[in-house]
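Visitor: Before anything else, here's the structure in question.
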Amino acid sequence: MRFLLDDEHREFARSLDALLRASDTPAVVRAWSTGDHGPGRALWSRLAEAGVLGLAVPEEYDGLGLLPVELTVAFTELGRHAVPGPLVETVAAAVLLDRLGDRHATWLRGMASGKTVATLCPPADDTPYALDADMADLVLVVTGDTLRVAESTGPVQPSADPARRLSRPTGGTVLAEGPHLRRAAAYATDIGTLATAAQALGVGRALLDRTVSHVRQRHQFGRPIGSFQAVKHRLADVLISLEFTEPLIHAAALSLASASEHAARDIAAAKAAAGDTVHLAARTALQLHGALGYTDELDLSLWIRKAHALRTAWGTPPACRARVLTA
């Protein structure tokens with residue numbers, strides 16, 4: 001099994017990186033955190049034009065089909081640039097609706113084009129909170145064997161990441177129900193978990209890059225602190241963890257693409273590793289930046305906060321390990 005990305009995947013990643021570098025994502029994140037979704041919706045449209053949102057939508061609905069490897073490539077870049085919004089939830093919702101039949105073509109086409117922002121309460125999550133439900137065009141909630149479209153949401157709840165605005169959907173109309181829904185929701189959960197793992201990987205890489213740049217510039221005792229052996233060891237630990245996590249994520253994507261019976265296990269293993277890795281990267285970045293790391297004004301805080309949120313989103317490390325053991 002190949003774990004390395006091919007030239008097309010690398011070019012896709014480079015094109016997304018260039019798009020996001022030109023979009024001033026820190027400013028977009030800060031605006032999103034205050035409830036100003038205008039810059040974020042504009043970026044959302046550009047991502048749709050780049051094909052990101054069509055990676056989980058079938059071709060008959062103007063998407064590119066479900067492409068798990070490309071999905072992980074895209075979400076790694078989204079995490080690297082801390083892009084806000086229910087991107088994971090939208091692709092998971094698209095997969096869920098597709099599995100329920102062709103009655104939802106309008107929504108699926110809207111998701112692929114970026115005109116419809118969807119959010120979905122993680123079906124396996126015990127806390128019924130939806131990400132950015134206050135601005136989403138479609139809010140889906142799975143409860144047992146029932147899928148409903150929420151009619152309203154409660155007040156926004158505090159989150160470790162201010163750009164991840166959580167609220168509790170209420171009311172709604174039943175969209176589908178029955179045993180087939182549980183299977184569709186399980187598959188959508190796998191997609192959401194895999195995309196979140198890739199997003200966490202991207203956040204971890206951004207934290208490492210920013211920390212390496214900082215320790216090269218900051219001096220103590222007349223030397224860059226990056227030349228100190230203890231600092232090198234901390235950064236090496238993060239790099240090794242990232243390098244071990246990336247092939248797990250790509251292997252999980254390949255398992256999903258080939259409909260392997262072990263796909264759910266592989267995805268859970270990748271998410272557990274990604275959660276631990278991004279947590280290590282955030283702790284290391286915070287320590288090596290010293291007092292600067294605690295300031296909201298420093299852009300680094302946007303990635304540190306996202307790291308803590310992504311570690312537990314769509315499956316905590318203990319829950320994912322338990323899933324691996326029982327698979």
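Naming works like this for the structure tokens: A, B, ... for the chains as they're shown, residue 1 at the start of each chain, ligands 1 onward in shown order.
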Counting only C-alpha atoms, which residues in range 136-216 of chain A sit no more than 8 Å from range 301-312 of chain A? For each one, give the nearest pair of atoms and the distance in Å, sorted by chain then residue number, as CSV.
Guide:
```
residue,atom,partner,partner_atom,distance
A:Ser159,CA,A:Ala309,CA,7.6
A:Ala160,CA,A:Ala309,CA,5.8
A:Asp161,CA,A:Arg305,CA,4.7
A:Pro162,CA,A:Arg305,CA,7.8
A:Thr196,CA,A:Leu310,CA,6.8
A:Ala197,CA,A:Leu310,CA,7.9
A:Gln199,CA,A:Leu310,CA,7.9
A:Ala200,CA,A:Leu310,CA,6.1
A:Val203,CA,A:Trp303,CA,6.2
A:Gly204,CA,A:Ala307,CA,7.4
A:Ala206,CA,A:Trp303,CA,7.6
A:Leu207,CA,A:Trp303,CA,6.7
```
Visitor: What parts of range 77-290 of chain A does DSSP call helix (DSSP H, G or I)? I'd like the answer as a PyMOL selection string.
Guide: chain A and resi 77-80+87-99+102-113+179-217+225-227+229-257+263-288+290
Visitor: Show me, as a PyMOL selection string, the residues that have an atom within 10 Å of range 54-65 of chain A when counting only C-alpha atoms, minus same-chain residues fewer than 4 positions from it.
Guide: chain A and resi 47-50+69-72+74+90-98+102+104-114+191
Visitor: Tell me, in Å to one decimal, how far CA of Ala18 in chain A is from CA of Gly40 in chain A.
Guide: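 One can read the CA of Ala18 in chain A to CA of Gly40 in chain A distance as 16.8 Å.
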Visitor: Just checking: using only C-alpha atoms, which residue out of A:Leu166, A:Val324, A:Leu248, A:Leu235 ends up closest to Leu4 in chain A?
Guide: A:Leu248
Visitor: So what do you get for CA of Arg234 in chain A versus CA of Ala198 in chain A, distance-wise?
Guide: 22.3 Å
Visitor: Please report the interatomic distance between CA of Arg148 in chain A and CA of Pro86 in chain A in Å with one decimal.
Guide: 18.0 Å
Visitor: Write out as a PyMOL selection string all residues of range 141-302 of chain A that backbone DSSP assigns to strand (DSSP E or B).
Guide: chain A and resi 141-143+146-149+152-153+157+166-167+169-170+173-177+219-220+223-224
Visitor: Which residues, written as a PyMOL selection string, have at least one atom at most 12 Å from Ala186 in chain A, with only C-alpha atoms counted and residues fewer than 5 positions away on the same chain left out?
Guide: chain A and resi 92-93+95-96+99+122-125+142+144-145+179-181+191-193+263-264+314
Visitor: From the set A:Ala195, A:Pro68, A:Val29, A:Thr153, which residue has the shortest atom-to-atom contact distance to Leu87 in chain A, counting only C-alpha atoms?
Guide: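 So, comparing all the options, the nearest one is A:Ala195.
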Visitor: Excluding Glu261 in chain A and residues on its chain fewer than 6 positions from it, collect all residues at most 12 Å away from it, counting only C-alpha atoms, and give them as a PDB file with N, CA and C atoms, in the first residue's frame.
Guide:
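Written output follows (out09.pdb):
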```pdb
ATOM      1  N   ALA A 252      -5.790   5.500   6.290  1.00  0.00           N
ATOM      2  CA  ALA A 252      -7.223   5.450   6.599  1.00  0.00           C
ATOM      3  C   ALA A 252      -8.045   5.905   5.400  1.00  0.00           C
ATOM      4  N   LEU A 254      -7.173   5.608   2.252  1.00  0.00           N
ATOM      5  CA  LEU A 254      -7.123   4.528   1.275  1.00  0.00           C
ATOM      6  C   LEU A 254      -8.044   3.390   1.668  1.00  0.00           C
ATOM      7  N   SER A 255      -8.130   3.082   2.955  1.00  0.00           N
ATOM      8  CA  SER A 255      -9.056   2.045   3.429  1.00  0.00           C
ATOM      9  C   SER A 255     -10.492   2.421   3.108  1.00  0.00           C
ATOM     10  N   ILE A 267      -9.583   4.688  10.582  1.00  0.00           N
ATOM     11  CA  ILE A 267      -9.930   6.099  10.786  1.00  0.00           C
ATOM     12  C   ILE A 267      -9.835   6.466  12.261  1.00  0.00           C
ATOM     13  N   ALA A 327     -12.845  -3.011  17.344  1.00  0.00           N
ATOM     14  CA  ALA A 327     -13.104  -3.248  15.915  1.00  0.00           C
ATOM     15  C   ALA A 327     -12.737  -4.683  15.532  1.00  0.00           C
TER      16      ALA A 327
END
```
Visitor: Show me, as a VMD selection string, the residues that have an atom within 12 Å of Leu239 in chain A when counting only C-alpha atoms, minus same-chain residues fewer than 2 positions from it.
Guide: chain A and resid 201 204 to 209 211 to 212 232 to 237 241 to 246 277 to 278 280 to 281 284
Visitor: Please dump the current selection as a CSV table (one decimal), in the first residue's frame; keep N, CA and C atoms.
Guide:
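The resulting out.csv:
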```csv
chain,number,residue,atom,x,y,z
A,201,LEU,N,-3.9,17.6,11.8
A,201,LEU,CA,-2.6,17.4,11.3
A,201,LEU,C,-2.0,18.7,10.7
A,204,GLY,N,-1.2,21.1,13.5
A,204,GLY,CA,0.0,20.8,14.1
A,204,GLY,C,1.2,21.2,13.3
A,205,ARG,N,1.1,21.1,11.9
A,205,ARG,CA,2.2,21.5,11.1
A,205,ARG,C,2.4,23.0,11.1
A,206,ALA,N,1.3,23.7,11.2
A,206,ALA,CA,1.4,25.2,11.3
A,206,ALA,C,2.0,25.6,12.6
A,207,LEU,N,1.7,25.0,13.7
A,207,LEU,CA,2.2,25.3,15.0
A,207,LEU,C,3.7,25.0,15.0
A,208,LEU,N,4.2,23.9,14.4
A,208,LEU,CA,5.6,23.6,14.3
A,208,LEU,C,6.3,24.6,13.5
A,209,ASP,N,5.8,25.0,12.3
A,209,ASP,CA,6.5,25.9,11.4
A,209,ASP,C,6.6,27.3,12.1
A,211,THR,N,6.6,27.9,15.3
A,211,THR,CA,7.5,27.8,16.5
A,211,THR,C,9.0,27.7,16.1
A,212,VAL,N,9.3,27.0,15.0
A,212,VAL,CA,10.6,27.0,14.5
A,212,VAL,C,11.1,28.3,14.0
A,232,LYS,N,15.7,21.9,20.7
A,232,LYS,CA,15.7,21.1,19.6
A,232,LYS,C,15.0,19.7,19.8
A,233,HIS,N,15.2,19.2,21.0
A,233,HIS,CA,14.5,17.9,21.4
A,233,HIS,C,13.0,18.1,21.4
A,234,ARG,N,12.5,19.2,21.9
A,234,ARG,CA,11.1,19.4,22.0
A,234,ARG,C,10.5,19.5,20.6
A,235,LEU,N,11.2,20.2,19.7
A,235,LEU,CA,10.7,20.4,18.3
A,235,LEU,C,10.8,19.1,17.5
A,236,ALA,N,11.9,18.3,17.8
A,236,ALA,CA,12.0,17.0,17.1
A,236,ALA,C,10.9,16.0,17.5
A,237,ASP,N,10.5,16.1,18.8
A,237,ASP,CA,9.4,15.2,19.2
A,237,ASP,C,8.1,15.5,18.5
A,241,SER,N,6.2,13.0,15.7
A,241,SER,CA,4.8,12.7,15.9
A,241,SER,C,4.0,13.1,14.7
A,242,LEU,N,4.3,14.2,14.1
A,242,LEU,CA,3.6,14.6,12.8
A,242,LEU,C,3.9,13.6,11.7
A,243,GLU,N,5.2,13.2,11.6
A,243,GLU,CA,5.6,12.3,10.5
A,243,GLU,C,5.0,10.9,10.7
A,244,PHE,N,4.7,10.5,11.9
A,244,PHE,CA,4.1,9.2,12.1
A,244,PHE,C,2.5,9.3,11.9
A,245,THR,N,2.0,10.4,12.2
A,245,THR,CA,0.5,10.6,12.0
A,245,THR,C,0.1,10.7,10.6
A,246,GLU,N,0.8,11.4,9.8
A,246,GLU,CA,0.4,11.6,8.4
A,246,GLU,C,0.2,10.3,7.6
A,277,THR,N,-1.1,14.3,18.6
A,277,THR,CA,-0.1,15.1,18.0
A,277,THR,C,-0.3,16.6,18.0
A,278,VAL,N,-1.6,16.9,17.7
A,278,VAL,CA,-1.9,18.4,17.7
A,278,VAL,C,-1.8,18.9,19.1
A,280,LEU,N,0.3,17.9,21.5
A,280,LEU,CA,1.8,18.0,21.7
A,280,LEU,C,2.3,19.3,21.0
A,281,ALA,N,1.9,19.5,19.8
A,281,ALA,CA,2.3,20.6,19.0
A,281,ALA,C,1.9,21.9,19.7
A,284,THR,N,4.0,22.5,23.0
A,284,THR,CA,5.3,22.9,22.7
A,284,THR,C,5.4,24.3,22.2
```
Visitor: Do you know which residues are at most 7 Å from Thr170 in chain A counting only C-alpha atoms, after dropping those on the same chain fewer than 2 positions away, and could you put them as a list in words?
Guide: Ala150, Glu151, Ser152, Thr153, Arg168 and Gly172 of chain A
Visitor: My list of candidates is A:Leu140, A:Ala188, A:Val83, A:Leu19. Which is closest to Thr173 in chain A when distances are computed with only C-alpha atoms?
Guide: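 Nearest candidate to Thr173 in chain A out of A:Leu140, A:Ala188, A:Val83, A:Leu19: A:Leu140.
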Visitor: In terms of the shortest atom-to-atom distance over only C-alpha atoms, which of A:Arg103, A:Lys115, A:Arg21, A:His250 is closest to Ala42 in chain A?
Guide: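 That would be A:Lys115, the residue with the smallest distance to Ala42 in chain A.
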